[in-house]
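Reading through the structure tokens given below for one structure.
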Protein chains: 2
Amino acid sequence: MTTVYFDYAATTPVDPRVLEEMLPYMSDDYGNASSIHHMGRKPSVVAETWRGKIASLLEAKPAEIIFTSGGTESNNAAIFGALAASEGKHIISAKTEHNAVLHPVEYAQKMGYEVSWLPLDSDGRVTPDALKQCLRKDTALVSLMHVNNETGTVQPIEELTTICKDQGVAFHCDTVQSVGKIPVSVKTLGVDFLSMSAHKIYGPKGSGALYVRSGAPWKPWMHGGSHERGRRGGTLNVPGICGLGKALELAVQEMQQNTRHLRELKDYFIQQLQEIIPDNYTFNGHPDTCIPHILSVTLKDHNGQPMDGEMLLLNLDMEGICCSNGAACTSGTILPSHVMMALGYNEDMARSTLRFSMGTSNTTEQVNHVIHTLKKIIDRHSEASS
Amino acid sequence: MTTVYFDYAATTPVDPRVLEEMLPYMSDDYGNASSIHHMGRKPSVVAETWRGKIASLLEAKPAEIIFTSGGTESNNAAIFGALAASEGKHIISAKTEHNAVLHPVEYAQKMGYEVSWLPLDSDGRVTPDALKQCLRKDTALVSLMHVNNETGTVQPIEELTTICKDQGVAFHCDTVQSVGKIPVSVKTLGVDFLSMSAHKIYGPKGSGALYVRSGAPWKPWMHGGSHERGRRGGTLNVPGICGLGKALELAVQEMQQNTRHLRELKDYFIQQLQEIIPDNYTFNGHPDTCIPHILSVTLKDHNGQPMDGEMLLLNLDMEGICCSNGAACTSGTILPSHVMMALGYNEDMARSTLRFSMGTSNTTEQVNHVIHTLKKIIDRHSEASS
């Protein structure tokens, strides 16, 4: 069985060019970047070189980049670090955030912080007015993602940060699904904190970065040695840093051609859905403000009944097709997606939503295979349940 | 110039057998271990297999092992997680701890916790009586390392945990320098929390684990997805997990032969110091309770004056020799080691202390090279300053 992978928003393979950048620092130039001898200097220089390149790709300063173990750590460090540095006891976020933001915010809530959950428009976007109405004098932090991982909806971050800047409120943005896919500049976005991860952009797992704007009130979250100018303890994961840097560099260099490919593929996907199963799908997310690599569809059978997502995933998997329903799998049970629920879907509709997330290697033939398999499953299911 | 690496306590190269275990999960079986399709299942199975093996090597249960980004994260998660789960506001630790324990404890102190710093005997060990005297009804946690990273001194953890168990006080042990070097069993040690890191035992950087005893009061520290049974958010770093597992497996399998080699090498090192520069060194740490791979010596010139550690390190480095003074280097200035200061050394003595930490590939010829180079530096320096 050939694998047809449409789950690039979950994770990506390490690009061979990225791996090549990492390998010399595994068993050869393996020194600890904090050591002052020559075995430490080379890894230190290479880590600082990548820090500079990453900063430059994000239009940040090198000292504003802190290497972390990934998006989740970056989000935790941004949120708890900003809260620790503020007198305010109020947080603003949205229920459509990834659990890596949602759960730290909810934990803060348990610790006594008040949280305002922003209302969303039908496409899952926050309007400037909604944000204005939630802001308070004691707001310590606004945390909103750039691109939603399930629907692909792009938030109008620039408009939102402008409002926060006026009020002197710190803004954290999780860009795990946007960085390397669409232009991400800390200057343009106007954020104070920004999280990113390597393994969503053909880099290694266990590597990410946190941007902390110079001057932004923030306290370190992971305490230890004086690494990262005292802002994040722990021996520098130099291979991971090289991997993150190279992955981001390639993603930015090749963004135009990748975007063209992904956009064509998504257009083709939607066109084929329309042609083959026009009555069985609803497209989620706004077509104009949706990132090209994520396609979210809600599926129903020929009787108009929502399809069971778990059954769909398992049947697609049996044909080699990997996609996702966007929600994490806990002890064998698929929970309905909290994102779709926050967007007003009922449980059945949320459960019948699939995410196809595309990557550089996907082809129109693979799309055909997916859609014909979907049709087969829907036909079979409709017949059995009619 | 040939590199003579005597800084294995700082970090180690990735063993080729370890790298071989990691590579398939980089670009081939790259799936997200939380995905329910076939691309997720294989990494998930391999991660759980290594969890089981690691647990078994530590005499723990698989569910008691949480994968982390390394020793520092494990220490932070153990300390802050234990504190969050306790009513107590008192912590017991020692000033000789690694900064990855010292700084979280000091941060807790700033947050309002009271800290008792244990007195140490001349070898840097905690006596059961000293611990008994520090324990209070509101003690939330005792955190003590198994093996000191600068002196190699082994703490009598079993004796100390017995006391804590009697009083119902949780015990965290940082085993970053002991695991894989000497037998480490959570049962024998009797700890509630145990931290470990891969890159000190020929595994990859950015990978570690935290043991949390089943039933021990503890709350998750890194919040996010439902990974690790909801106890640590973040996509599983499957290559890192394979690397940690294989590294630990090899370290335990080859412990006997490695220990023999390291002990012989350390004996030879001390014997040669005694033969070549008998009046210029003092050995630190108790000879019987010191781990074989760490050798700490304080050096003085022929005039009896302490040698400057930074000068020694740089001069050794010019001859290809990599070792450490145990303290982190901050913006070009070497701070006197907080460990040596805690052991009662003055600043000059602390600065003149070097750590030679040995690994599997070190040889007696390399030891000869180190000692002859040391002699040359001491002779030259003594002449210049006399």
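To be explicit about the labels: the chains of the structure tokens are called A, B, and onward in the order shown, and within each one the residues are counted from 1, while ligands get numbers from 1 in the order they are shown.
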Name the residues of region 107-165 of chain A that come out as strand (DSSP E or B) in a backbone DSSP run; write them as a PyMOL selection string.
chain A and resi 114-117+139-143+147+153-154
Neighbours of chain A in chain B at 7 Å, counting only C-alpha atoms, as an NGL selection string:
:B and (10-15 or 26-28 or 30-32 or 34 or 36-38 or 69 or 72-73 or 76 or 99-101 or 103-104 or 204-206 or 222-226 or 233-234 or 237 or 317 or 322 or 328-330)
Please produce an output containing N, CA and C atoms for each residue in the selection, written as a short mmCIF file (atom, residue, chain, number, x, y, z; two decimals), in the first residue's frame.
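Saved the output as selection-v3.cif:
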data_model
loop_
_atom_site.label_atom_id
_atom_site.label_comp_id
_atom_site.auth_asym_id
_atom_site.auth_seq_id
_atom_site.Cartn_x
_atom_site.Cartn_y
_atom_site.Cartn_z
N ALA B 10 30.27 17.51 30.26
CA ALA B 10 29.58 18.65 29.63
C ALA B 10 28.65 18.15 28.53
N THR B 11 29.19 17.30 27.68
CA THR B 11 28.37 16.63 26.67
C THR B 11 29.19 15.54 26.01
N THR B 12 28.51 14.67 25.29
CA THR B 12 29.16 13.54 24.63
C THR B 12 28.75 13.52 23.16
N PRO B 13 29.56 12.88 22.31
CA PRO B 13 29.10 12.69 20.93
C PRO B 13 27.95 11.69 20.91
N VAL B 14 27.12 11.80 19.90
CA VAL B 14 26.07 10.79 19.72
C VAL B 14 26.74 9.50 19.21
N ASP B 15 26.55 8.41 19.94
CA ASP B 15 27.08 7.11 19.53
C ASP B 15 26.46 6.74 18.18
N MET B 26 13.35 10.39 11.15
CA MET B 26 13.54 11.78 10.71
C MET B 26 12.76 12.04 9.41
N SER B 27 13.14 11.33 8.35
CA SER B 27 12.58 11.64 7.04
C SER B 27 11.72 10.52 6.47
N ASP B 28 11.76 9.33 7.08
CA ASP B 28 10.96 8.22 6.56
C ASP B 28 9.70 7.98 7.41
N TYR B 30 8.20 9.50 9.69
CA TYR B 30 8.23 10.82 10.33
C TYR B 30 6.91 11.21 10.99
N GLY B 31 5.90 10.36 10.88
CA GLY B 31 4.56 10.74 11.34
C GLY B 31 4.50 11.25 12.77
N ASN B 32 3.42 11.95 13.07
CA ASN B 32 3.18 12.47 14.41
C ASN B 32 2.62 11.32 15.25
N SER B 34 0.89 11.14 17.64
CA SER B 34 -0.49 11.30 18.10
C SER B 34 -1.51 11.09 16.99
N ILE B 36 -3.75 9.11 14.31
CA ILE B 36 -4.27 7.74 14.42
C ILE B 36 -4.07 6.93 13.14
N HIS B 37 -3.61 7.58 12.05
CA HIS B 37 -3.37 6.81 10.81
C HIS B 37 -2.05 6.05 10.89
N HIS B 38 -1.79 5.25 9.84
CA HIS B 38 -0.64 4.34 9.91
C HIS B 38 0.70 5.07 10.02
N SER B 69 12.45 17.62 27.05
CA SER B 69 13.50 18.14 26.16
C SER B 69 14.88 18.06 26.80
N THR B 72 17.21 19.92 32.14
CA THR B 72 16.72 21.19 32.69
C THR B 72 15.20 21.19 32.74
N GLU B 73 14.56 20.80 31.62
CA GLU B 73 13.09 20.74 31.65
C GLU B 73 12.61 19.75 32.69
N ASN B 76 12.82 21.40 36.10
CA ASN B 76 11.79 22.43 36.25
C ASN B 76 10.42 21.79 36.46
N ASN B 99 22.84 24.35 38.35
CA ASN B 99 21.95 25.51 38.18
C ASN B 99 20.55 25.12 37.73
N ALA B 100 20.43 23.98 37.07
CA ALA B 100 19.11 23.54 36.59
C ALA B 100 18.20 23.11 37.73
N VAL B 101 18.76 22.94 38.93
CA VAL B 101 17.94 22.74 40.14
C VAL B 101 18.00 24.01 41.00
N HIS B 103 18.51 27.14 40.28
CA HIS B 103 17.77 28.32 39.82
C HIS B 103 16.25 28.15 39.91
N PRO B 104 15.68 26.99 39.56
CA PRO B 104 14.25 26.81 39.84
C PRO B 104 13.93 26.96 41.34
N PRO B 204 21.30 12.09 22.01
CA PRO B 204 21.17 13.41 21.38
C PRO B 204 20.86 14.53 22.38
N LYS B 205 21.24 15.73 22.03
CA LYS B 205 20.84 16.91 22.79
C LYS B 205 19.33 17.15 22.58
N GLY B 206 18.71 17.81 23.54
CA GLY B 206 17.28 18.13 23.39
C GLY B 206 16.36 16.98 23.73
N MET B 222 4.29 21.76 31.72
CA MET B 222 4.17 22.26 30.34
C MET B 222 2.80 21.87 29.80
N HIS B 223 1.98 22.87 29.55
CA HIS B 223 0.59 22.64 29.20
C HIS B 223 0.39 22.68 27.68
N GLY B 224 -0.43 21.76 27.19
CA GLY B 224 -0.68 21.75 25.75
C GLY B 224 -1.59 20.60 25.39
N GLY B 225 -1.25 19.87 24.35
CA GLY B 225 -2.06 18.75 23.89
C GLY B 225 -2.08 17.63 24.93
N SER B 226 -2.81 16.58 24.60
CA SER B 226 -3.01 15.50 25.55
C SER B 226 -1.90 14.44 25.48
N GLY B 233 2.58 18.63 27.31
CA GLY B 233 2.19 18.95 25.96
C GLY B 233 3.38 18.97 25.02
N GLY B 234 3.10 18.84 23.74
CA GLY B 234 4.16 18.93 22.74
C GLY B 234 4.28 17.64 21.95
N ASN B 237 8.98 13.95 20.38
CA ASN B 237 10.22 14.01 19.60
C ASN B 237 10.71 12.57 19.45
N ASP B 317 43.61 24.34 25.89
CA ASP B 317 42.87 24.35 24.62
C ASP B 317 43.82 24.54 23.44
N CYS B 322 40.49 19.63 25.80
CA CYS B 322 39.21 20.21 26.21
C CYS B 322 38.86 19.71 27.60
N ALA B 328 29.70 27.86 34.22
CA ALA B 328 29.30 28.34 32.90
C ALA B 328 30.05 29.62 32.58
N CYS B 329 30.25 29.80 31.31
CA CYS B 329 30.96 30.99 30.84
C CYS B 329 29.92 32.03 30.45
N THR B 330 29.99 33.18 31.06
CA THR B 330 29.02 34.23 30.74
C THR B 330 29.76 35.42 30.16
#
Please identify all polymer residues within 7 Å of region 46-55 of chain B, counting only C-alpha atoms, omitting same-chain residues fewer than 3 positions from it, and present them as a tab-separated table (two decimals) with C-alpha atoms, in the first residue's frame.
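Output file part25.tsv follows:
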chain	number	residue	atom	x	y	z
B	42	LYS	CA	4.72	3.28	13.84
B	43	PRO	CA	6.38	6.25	15.63
B	58	LEU	CA	15.19	2.22	35.84
B	59	GLU	CA	12.91	-0.34	37.55
B	60	ALA	CA	9.96	1.98	36.98
B	61	LYS	CA	6.59	1.47	35.28
B	62	PRO	CA	6.17	2.75	31.70
B	65	ILE	CA	8.16	7.97	32.43
B	238	VAL	CA	10.36	10.42	18.39
B	241	ILE	CA	13.12	9.39	22.33
B	242	CYS	CA	14.76	6.60	20.31
B	245	GLY	CA	16.34	4.94	24.90
Give me, as a ChimeraX atom specification, all polymer residues having an atom no more than 10 Å from region 121-129 of chain A, counting only C-alpha atoms and skipping those fewer than 3 positions away in the same chain.
/A:93-96,118,132-134,144,147-148,151-164,284-287,289-290,339-340,342-344
